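Q: The file below is query.cif, mmCIF, C-alpha atoms:
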data_coords
#
loop_
_atom_site.label_atom_id
_atom_site.label_comp_id
_atom_site.auth_asym_id
_atom_site.auth_seq_id
_atom_site.Cartn_x
_atom_site.Cartn_y
_atom_site.Cartn_z
CA MET A 5 80.25 129.54 45.48
CA ALA A 6 76.67 129.43 46.75
CA ARG A 7 73.85 129.17 44.24
CA THR A 8 70.50 130.71 45.07
CA LEU A 9 66.96 130.25 43.86
CA THR A 10 64.26 132.79 44.74
CA ILE A 11 60.64 131.63 44.57
CA THR A 12 57.27 132.83 45.77
CA ARG A 13 56.71 131.79 49.38
CA PRO A 14 55.22 128.29 49.27
CA ASP A 15 52.06 126.82 50.78
CA ASP A 16 51.42 123.36 52.17
CA TRP A 17 48.11 121.98 50.92
CA HIS A 18 47.97 119.05 53.35
CA LEU A 19 49.27 119.38 56.91
CA HIS A 20 48.71 117.73 60.29
CA LEU A 21 49.30 119.98 63.28
CA ARG A 22 47.64 117.86 65.99
CA ASP A 23 46.75 119.79 69.15
CA GLY A 24 47.95 120.76 72.60
CA ALA A 25 51.63 120.25 73.40
CA MET A 26 52.30 118.61 70.02
CA LEU A 27 50.80 121.57 68.15
CA LYS A 28 52.94 124.03 70.09
CA GLY A 29 56.08 122.02 69.43
CA ILE A 30 55.76 121.39 65.70
CA LEU A 31 53.84 124.44 64.37
CA PRO A 32 57.00 126.62 64.15
CA GLU A 33 58.52 124.06 61.74
CA THR A 34 55.84 124.83 59.14
CA ALA A 35 55.37 128.54 59.92
CA ARG A 36 59.07 129.15 59.26
CA ASP A 37 58.92 128.46 55.50
CA PHE A 38 55.24 128.30 54.52
CA ALA A 39 52.72 131.13 54.28
CA ARG A 40 49.59 128.97 54.49
CA ALA A 41 48.58 125.36 54.98
CA ILE A 42 45.43 123.28 54.69
CA ILE A 43 44.97 121.93 58.21
CA MET A 44 43.71 118.38 58.59
CA PRO A 45 40.69 117.94 60.92
CA ASN A 46 41.34 114.40 62.22
CA LEU A 47 41.77 115.31 65.86
CA VAL A 48 40.24 113.28 68.68
CA PRO A 49 37.40 114.21 68.65
CA PRO A 50 37.43 115.37 65.01
CA VAL A 51 36.70 118.88 63.74
CA VAL A 52 33.19 118.29 62.38
CA THR A 53 31.39 121.64 62.74
CA ALA A 54 32.10 125.28 62.07
CA LYS A 55 32.21 125.87 65.82
CA HIS A 56 34.92 123.22 66.16
CA ALA A 57 36.91 124.71 63.27
CA ALA A 58 36.80 128.21 64.76
CA ALA A 59 38.00 126.93 68.14
CA TYR A 60 40.81 124.91 66.55
CA ARG A 61 41.90 127.88 64.47
CA ASN A 62 42.09 129.99 67.61
CA ARG A 63 44.35 127.39 69.27
CA ILE A 64 46.63 127.36 66.23
CA MET A 65 46.89 131.14 66.16
CA ALA A 66 47.69 131.20 69.87
CA ALA A 67 50.51 128.69 69.33
CA LEU A 68 52.24 130.62 66.53
CA PRO A 69 55.69 132.07 67.17
CA LYS A 70 55.62 135.78 67.91
CA GLY A 71 55.61 137.82 64.71
CA SER A 72 54.60 134.92 62.45
CA ASP A 73 52.16 135.71 59.65
CA PHE A 74 51.35 132.05 58.92
CA GLN A 75 47.71 131.47 57.96
CA PRO A 76 45.97 128.18 58.79
CA LEU A 77 43.35 127.18 56.20
CA MET A 78 40.75 125.20 58.10
CA THR A 79 38.80 122.14 57.03
CA LEU A 80 35.87 120.13 58.33
CA TYR A 81 35.85 116.37 58.78
CA LEU A 82 33.05 114.86 56.68
CA THR A 83 30.78 112.45 58.55
CA GLU A 84 27.45 110.88 57.69
CA GLU A 85 25.84 113.40 60.07
CA THR A 86 27.48 116.55 58.62
CA ASP A 87 25.01 119.41 58.16
CA PRO A 88 25.11 120.85 54.61
CA ALA A 89 24.03 124.28 55.86
CA ASP A 90 26.84 124.37 58.43
CA VAL A 91 29.41 123.54 55.74
CA ALA A 92 28.04 126.14 53.32
CA SER A 93 27.98 128.85 55.97
CA ALA A 94 31.52 128.05 57.13
CA PHE A 95 32.85 128.12 53.58
CA THR A 96 31.06 131.23 52.30
CA GLY A 97 31.95 133.03 55.53
CA GLY A 98 35.65 132.31 55.00
CA LEU A 99 36.12 130.09 58.04
CA ILE A 100 36.99 126.93 56.10
CA THR A 101 38.71 126.29 52.79
CA ALA A 102 37.68 122.67 52.21
CA VAL A 103 36.01 119.57 53.63
CA LYS A 104 37.98 116.35 54.17
CA LEU A 105 36.71 112.90 53.25
CA TYR A 106 38.20 109.97 55.16
CA PRO A 107 36.79 106.56 54.28
CA ALA A 108 36.17 105.02 57.70
CA GLY A 109 39.30 103.27 58.96
CA ALA A 110 41.58 104.47 56.16
CA THR A 111 44.25 106.15 58.30
CA THR A 112 45.07 107.76 61.65
CA HIS A 113 41.96 108.89 63.54
CA SER A 114 39.60 108.06 60.66
CA ALA A 115 37.09 105.95 62.62
CA SER A 116 34.45 108.67 62.25
CA GLY A 117 34.78 108.69 58.47
CA VAL A 118 32.30 107.77 55.77
CA LYS A 119 31.00 104.22 55.29
CA ASP A 120 27.86 104.88 53.20
CA PHE A 121 28.55 107.49 50.52
CA ASN A 122 24.87 107.90 49.74
CA ARG A 123 24.41 109.47 53.15
CA VAL A 124 26.83 112.33 52.39
CA MET A 125 25.47 113.23 48.96
CA PRO A 126 23.40 116.19 50.26
CA VAL A 127 26.59 117.70 51.74
CA LEU A 128 28.59 117.11 48.55
CA GLU A 129 25.83 118.60 46.40
CA LYS A 130 25.75 121.72 48.60
CA MET A 131 29.55 121.96 48.40
CA ALA A 132 29.40 121.84 44.61
CA GLU A 133 26.78 124.58 44.68
CA VAL A 134 28.89 126.97 46.78
CA GLY A 135 32.28 126.01 45.27
CA CYS A 136 33.80 124.31 48.32
CA THR A 137 36.55 121.78 47.56
CA LEU A 138 36.40 118.18 48.75
CA CYS A 139 39.79 116.81 49.84
CA VAL A 140 39.85 113.02 49.68
CA HIS A 141 41.98 110.37 51.28
CA GLY A 142 41.86 108.12 48.26
CA GLU A 143 41.89 104.57 49.58
CA VAL A 144 39.26 101.91 50.04
CA THR A 145 39.34 100.06 53.34
CA ASP A 146 37.95 96.67 52.33
CA PRO A 147 40.02 94.00 54.10
CA ASP A 148 40.12 91.88 50.95
CA ILE A 149 41.88 94.61 48.93
CA ASP A 150 45.68 94.53 49.01
CA ILE A 151 47.08 97.63 50.73
CA PHE A 152 49.16 98.47 47.65
CA ASP A 153 46.02 98.44 45.45
CA ARG A 154 43.70 100.50 47.63
CA GLU A 155 44.28 103.81 45.84
CA ALA A 156 43.64 102.39 42.37
CA VAL A 157 40.51 100.61 43.58
CA PHE A 158 39.28 103.81 45.24
CA ILE A 159 39.50 105.62 41.91
CA ASP A 160 37.43 102.95 40.18
CA ARG A 161 34.85 102.26 42.89
CA ILE A 162 34.43 105.60 44.68
CA LEU A 163 36.06 108.57 43.00
CA ASP A 164 35.00 108.09 39.40
CA PRO A 165 31.34 107.29 40.22
CA LEU A 166 31.24 110.31 42.55
CA ARG A 167 32.58 112.57 39.81
CA ARG A 168 30.02 111.25 37.33
CA ARG A 169 27.27 111.91 39.84
CA ILE A 170 28.42 115.44 40.78
CA PRO A 171 30.79 116.54 37.98
CA GLU A 172 30.86 120.17 39.17
CA LEU A 173 32.26 119.24 42.60
CA ARG A 174 35.84 120.43 42.98
CA ILE A 175 38.09 117.66 44.32
CA THR A 176 41.65 117.34 45.56
CA MET A 177 43.00 113.81 45.57
CA GLU A 178 45.46 114.16 48.41
CA HIS A 179 48.86 112.49 48.82
CA MET A 180 48.72 110.67 45.48
CA THR A 181 50.92 107.58 45.43
CA THR A 182 50.26 105.85 42.10
CA LYS A 183 50.56 106.27 38.37
CA ASP A 184 46.84 105.44 38.32
CA ALA A 185 46.10 108.67 40.21
CA VAL A 186 48.42 110.74 38.02
CA ASP A 187 46.80 109.46 34.84
CA TYR A 188 43.24 109.83 36.15
CA ILE A 189 43.73 113.43 37.25
CA ALA A 190 45.42 114.37 33.98
CA ALA A 191 42.35 113.25 32.04
CA GLU A 192 39.60 114.78 34.18
CA GLU A 193 38.13 118.21 34.97
CA ASN A 194 37.57 119.82 38.39
CA ILE A 195 40.14 117.60 40.06
CA ALA A 196 43.76 118.09 41.07
CA GLY A 197 46.22 116.16 43.18
CA SER A 198 48.65 116.91 45.98
CA ILE A 199 51.96 115.08 46.24
CA THR A 200 54.06 114.70 49.36
CA THR A 201 57.78 115.29 49.71
CA HIS A 202 58.44 111.76 50.91
CA HIS A 203 56.50 110.05 48.12
CA LEU A 204 58.80 111.81 45.64
CA ILE A 205 61.82 110.30 47.42
CA ILE A 206 60.98 106.87 48.84
CA ASN A 207 59.39 103.73 47.46
CA ARG A 208 58.25 100.65 49.35
CA ASN A 209 61.76 99.19 49.41
CA HIS A 210 62.86 102.03 51.67
CA ILE A 211 60.29 100.89 54.26
CA LEU A 212 60.97 97.17 54.13
CA VAL A 213 64.43 96.27 52.79
CA GLY A 214 67.07 95.64 55.44
CA GLY A 215 64.54 95.80 58.26
CA ILE A 216 61.35 97.73 58.86
CA LYS A 217 61.85 101.52 58.88
CA PRO A 218 58.95 102.86 60.97
CA HIS A 219 59.66 106.51 60.20
CA TYR A 220 59.02 105.83 56.48
CA TYR A 221 55.68 104.15 57.18
CA CYS A 222 52.76 106.28 56.07
CA LEU A 223 49.27 105.93 54.60
CA PRO A 224 48.79 105.71 51.74
CA VAL A 225 51.87 103.52 51.90
CA ALA A 226 54.72 104.16 49.46
CA LYS A 227 54.40 102.01 46.33
CA ARG A 228 56.66 100.49 43.66
CA GLU A 229 59.41 102.55 42.02
CA LEU A 230 57.39 102.91 38.81
CA HIS A 231 54.75 104.81 40.80
CA ARG A 232 57.36 107.08 42.42
CA GLN A 233 58.69 107.86 38.95
CA ALA A 234 55.18 108.76 37.78
CA LEU A 235 54.75 111.11 40.74
CA LEU A 236 58.15 112.65 40.06
CA ALA A 237 57.27 113.26 36.41
CA ALA A 238 53.97 114.87 37.39
CA ALA A 239 55.48 117.08 40.10
CA THR A 240 58.30 118.35 37.88
CA SER A 241 56.14 118.80 34.78
CA GLY A 242 54.90 122.26 35.67
CA GLU A 243 51.33 121.07 35.02
CA ALA A 244 48.85 123.04 37.13
CA LYS A 245 46.98 119.94 38.33
CA TYR A 246 49.75 118.86 40.71
CA PHE A 247 50.98 120.71 43.79
CA LEU A 248 52.68 120.27 47.14
CA GLY A 249 50.84 118.80 50.08
CA THR A 250 53.42 117.44 52.52
CA ASP A 251 51.05 115.37 54.66
CA SER A 252 53.62 116.12 57.35
CA ALA A 253 52.22 114.09 60.24
CA PRO A 254 53.95 114.08 63.62
CA HIS A 255 53.87 111.14 66.00
CA THR A 256 56.10 110.75 69.02
CA ASP A 257 58.92 108.27 68.61
CA PRO A 258 57.45 105.69 71.01
CA ASN A 259 54.24 105.68 68.97
CA LYS A 260 56.17 105.23 65.71
CA GLU A 261 58.62 102.66 67.04
CA SER A 262 56.09 100.31 68.59
CA ALA A 263 54.65 96.89 67.76
CA CYS A 264 51.81 98.65 65.91
CA GLY A 265 53.47 101.87 64.79
CA CYS A 266 51.49 104.93 63.73
CA ALA A 267 51.35 105.95 60.07
CA GLY A 268 52.89 109.31 59.24
CA VAL A 269 56.07 111.02 58.07
CA PHE A 270 57.12 114.34 59.63
CA SER A 271 58.75 116.46 56.91
CA ALA A 272 57.83 120.06 57.75
CA THR A 273 61.35 120.90 58.90
CA ASN A 274 63.23 120.10 55.68
CA THR A 275 60.65 119.86 52.89
CA MET A 276 61.84 122.81 50.81
CA PRO A 277 65.55 121.80 50.87
CA CYS A 278 64.56 118.21 50.00
CA LEU A 279 62.44 119.44 47.10
CA ALA A 280 65.23 121.66 45.80
CA HIS A 281 67.49 118.60 45.75
CA VAL A 282 64.88 116.52 43.92
CA TYR A 283 64.11 119.20 41.36
CA GLU A 284 67.76 119.90 40.71
CA ALA A 285 68.40 116.21 40.12
CA GLU A 286 65.61 116.25 37.53
CA ASN A 287 66.94 119.45 35.88
CA ALA A 288 63.64 121.07 36.82
CA LEU A 289 64.49 123.80 39.33
CA ASP A 290 62.54 126.21 37.13
CA LYS A 291 59.39 124.16 37.87
CA LEU A 292 59.70 124.13 41.67
CA GLU A 293 57.88 127.44 42.11
CA SER A 294 54.81 126.29 40.20
CA PHE A 295 54.58 123.07 42.24
CA ALA A 296 55.20 124.62 45.67
CA SER A 297 53.81 128.13 45.29
CA GLN A 298 51.45 128.62 42.34
CA ASN A 299 49.40 125.57 41.38
CA GLY A 300 47.79 125.09 44.79
CA PRO A 301 46.41 128.63 45.07
CA ALA A 302 45.04 128.36 41.52
CA HIS A 303 43.16 125.16 42.36
CA TYR A 304 41.73 126.58 45.58
CA ARG A 305 40.95 129.93 43.90
CA LEU A 306 43.15 131.87 46.30
CA PRO A 307 45.76 134.54 45.55
CA VAL A 308 49.40 133.59 45.20
CA ASN A 309 51.52 134.76 48.13
CA SER A 310 53.27 138.10 47.78
CA GLY A 311 56.35 137.13 49.81
CA LYS A 312 59.46 135.29 48.62
CA ILE A 313 61.87 132.73 50.02
CA VAL A 314 65.45 132.15 48.94
CA LEU A 315 66.89 128.66 48.63
CA ALA A 316 70.68 128.58 48.77
CA LYS A 317 72.97 125.71 47.76
CA GLN A 318 76.25 125.19 49.59
CA ASP A 319 79.23 122.89 49.15
CA ASP A 320 78.92 121.13 52.49
CA PRO A 321 75.78 119.15 53.36
CA VAL A 322 73.22 120.97 55.46
CA THR A 323 72.57 119.56 58.92
CA PHE A 324 68.93 119.34 59.95
CA PRO A 325 67.77 118.34 63.43
CA ALA A 326 67.17 114.60 63.70
CA LYS A 327 64.27 115.21 66.07
CA ILE A 328 61.95 117.99 67.16
CA GLU A 329 61.35 118.06 70.88
CA THR A 330 57.77 118.75 71.92
CA GLY A 331 55.93 118.76 75.21
CA GLU A 332 54.43 115.44 74.14
CA GLY A 333 57.76 113.82 73.25
CA SER A 334 60.35 113.74 70.49
CA VAL A 335 59.31 113.60 66.80
CA THR A 336 61.75 112.25 64.21
CA VAL A 337 62.32 114.45 61.14
CA PHE A 338 62.14 112.82 57.70
CA ASP A 339 65.54 111.55 56.55
CA PRO A 340 65.71 111.52 52.73
CA GLY A 341 68.61 109.07 52.83
CA PHE A 342 71.10 111.26 50.98
CA PRO A 343 73.00 114.51 51.71
CA ILE A 344 71.06 117.75 51.18
CA HIS A 345 73.07 120.80 50.09
CA TRP A 346 70.13 123.22 49.93
CA ARG A 347 68.76 125.34 52.75
CA VAL A 348 66.20 128.09 53.12
CA ALA A 349 68.32 131.23 53.46
#
Turn this file's structure into structure tokens for me.
A:
Amino acid sequence: MARTLTITRPDDWHLHLRDGAMLKGILPETARDFARAIIMPNLVPPVVTAKHAAAYRNRIMAALPKGSDFQPLMTLYLTEETDPADVASAFTGGLITAVKLYPAGATTHSASGVKDFNRVMPVLEKMAEVGCTLCVHGEVTDPDIDIFDREAVFIDRILDPLRRRIPELRITMEHMTTKDAVDYIAAEENIAGSITTHHLIINRNHILVGGIKPHYYCLPVAKRELHRQALLAAATSGEAKYFLGTDSAPHTDPNKESACGCAGVFSATNTMPCLAHVYEAENALDKLESFASQNGPAHYRLPVNSGKIVLAKQDDPVTFPAKIETGEGSVTVFDPGFPIHWRVA
């Protein structure tokens, strides 16, 4: 007998849609289940001005499946040349929802990111004044810092000093991967954290044991099991400071399966069934709605969606497509490594 769970339609508070043929191919995978998503601005060239954001939003809307009511929530890419007035106008006018901070070189298409944080203080101060959220990729990029320590060092060297300097600035620490991040956010004001689907499921062994698994490689990279357990406890706690941000990030298979493979996990297709499995295993299905549908809107001061989705559990495992075919090439869908019996009805 099928079991069902009805929850408020979820949002994705961290999403990569890319552009062009890739955008057209993968956008329906998010629009099917999610009402809204924070859209990452790390295109080439990046989305750095209100004019760029408006044009990108128009391309997204044009690529939506007919009849879709999906709403892209736009962001600007913070650079050392960003104009505070442009940011404030874009935010107060409703064009953007947040500004994204990439430390230069931290991840895919982050070369235009911030090197000298003193040079972006006028923008951050203006954002605090108007109530615009700063989304941060929380890693330092110093070559002498071990890749598994870069999030913890970012908290100590960059995030905490920034919060002391501008305590009223609203911050989202995106795609948290460590117990350090969970503990820091729990103790502080005006800051929340998004957690990805894949970081709730995989640890660094999944990437490296038995051969390198390129489709599990992402940045920030998955950490030790103790960190995954901390993320799992935070996500299933019902605490309002933690919410879903998939960081679903498509790359074509040749770009993932190369000598220098791209970082990113594409999970838009099966995120909600995967989460239902995870939450059921933790006896926390009653907390899934807060994580996926309620906590994010509260942090971004937006209304909760009015629509609903139904998750149904069946006896036989659900079959998801292994790949999504796009005009740019095939994109491999995240494989959780175990059978999933939940589907979006």
Q: Using the chain letters and residue numbers of this document, give as a PyMOL selection string the residues selected by the PyMOL selection byres ((chain A and resi 99) around 9).
A: chain A and resi 54+57-58+61+77-79+93-98+100-101
Q: So that I can see what lies close to segment 253-268 of chain A, please list as a list in words the residues with an atom at most 7 Å from it, counting all atoms listed in the file and leaving out residues fewer than 2 positions away in the same chain.
A: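 Counting only the stated atoms, we get Leu19, His20, Thr112, Pro218, His219, Tyr221, Cys222, Leu223, Asp251, Phe270, Gly333, Ser334, Val335 and Thr336 of chain A.
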Q: Those selected residues, please, written with C-alpha atoms and delivered as a short mmCIF file (atom, residue, chain, number, x, y, z; two decimals), in the frame of the given file.
A:
data_model
loop_
_atom_site.label_atom_id
_atom_site.label_comp_id
_atom_site.auth_asym_id
_atom_site.auth_seq_id
_atom_site.Cartn_x
_atom_site.Cartn_y
_atom_site.Cartn_z
CA LEU A 19 49.27 119.38 56.91
CA HIS A 20 48.71 117.73 60.29
CA THR A 112 45.07 107.76 61.65
CA PRO A 218 58.95 102.86 60.97
CA HIS A 219 59.66 106.51 60.20
CA TYR A 221 55.68 104.15 57.18
CA CYS A 222 52.76 106.28 56.07
CA LEU A 223 49.27 105.93 54.60
CA ASP A 251 51.05 115.37 54.66
CA PHE A 270 57.12 114.34 59.63
CA GLY A 333 57.76 113.82 73.25
CA SER A 334 60.35 113.74 70.49
CA VAL A 335 59.31 113.60 66.80
CA THR A 336 61.75 112.25 64.21
#
Q: Carefully work through the PyMOL selection byres ((chain A and resi 16) around 10) for this structure and note down the residues it includes, as a ChimeraX atom specification.
A: /A:14-15,17-19,34,37-43,76-77,198,200,247-252,272,275,296-297,300
Q: Name all residues at most 8 Å from segment 304-318 of chain A (count all atoms listed in the file; drop same-chain ones fewer than 4 positions away) and give them as a list in words.
A: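 Neighbouring residues, sequence-local ones excluded: Met5, Ala6, Arg7, Thr8, Leu9, Thr10, Ile11, Thr12, Arg13, Pro14, Asp37, Ala39, Thr101, Thr137, Pro277, Ala280, Ser297, Gln298, Gly300, Val322, His345, Trp346, Arg347, Val348 and Ala349 of chain A.
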Q: List, as a PyMOL selection string, every residue that the PyMOL selection byres ((chain A and resi 67-69) around 12) selects in the file provided.
A: chain A and resi 21-36+60-66+70-76
Q: Give as a PyMOL selection string the set of residues within 12 Å of the point (62.7, 99.1, 47.7), where distances use the file's coordinates and all atoms listed in the file.
A: chain A and resi 205-217+220+226-232
Q: May I ask for the distance between atom CA of Val118 of chain A and atom CA of Thr176 of chain A, given in Å to one decimal place?
A: 16.8 Å
Q: Hey, what's within 10 Å of Met125 of chain A if we count only C-alpha atoms and toss same-chain stuff fewer than 2 positions away? As a list in words, please?
A: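 These residues fall inside the cut-off: Glu84, Pro88, Asp120, Phe121, Asn122, Arg123, Val127, Leu128, Glu129, Lys130, Met131, Leu166, Arg169 and Ile170 of chain A.
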Q: Between atom CA of Val144 of chain A and atom CA of Ile175 of chain A, what is the spacing in Å?
A: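 Between these atoms lies a distance of 16.8 Å.
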Q: Between atom CA of Ala302 of chain A and atom CA of Glu193 of chain A, what is the distance in Å, rounded to a tenth?
A: 13.9 Å
Q: Ranking A:His281, A:Lys245, A:His203, A:Lys327 by minimum distance to Pro301 of chain A and counting all atoms listed in the file, which one comes first?
A: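 Among A:His281, A:Lys245, A:His203, A:Lys327, it is A:Lys245 that comes nearest to Pro301 of chain A.
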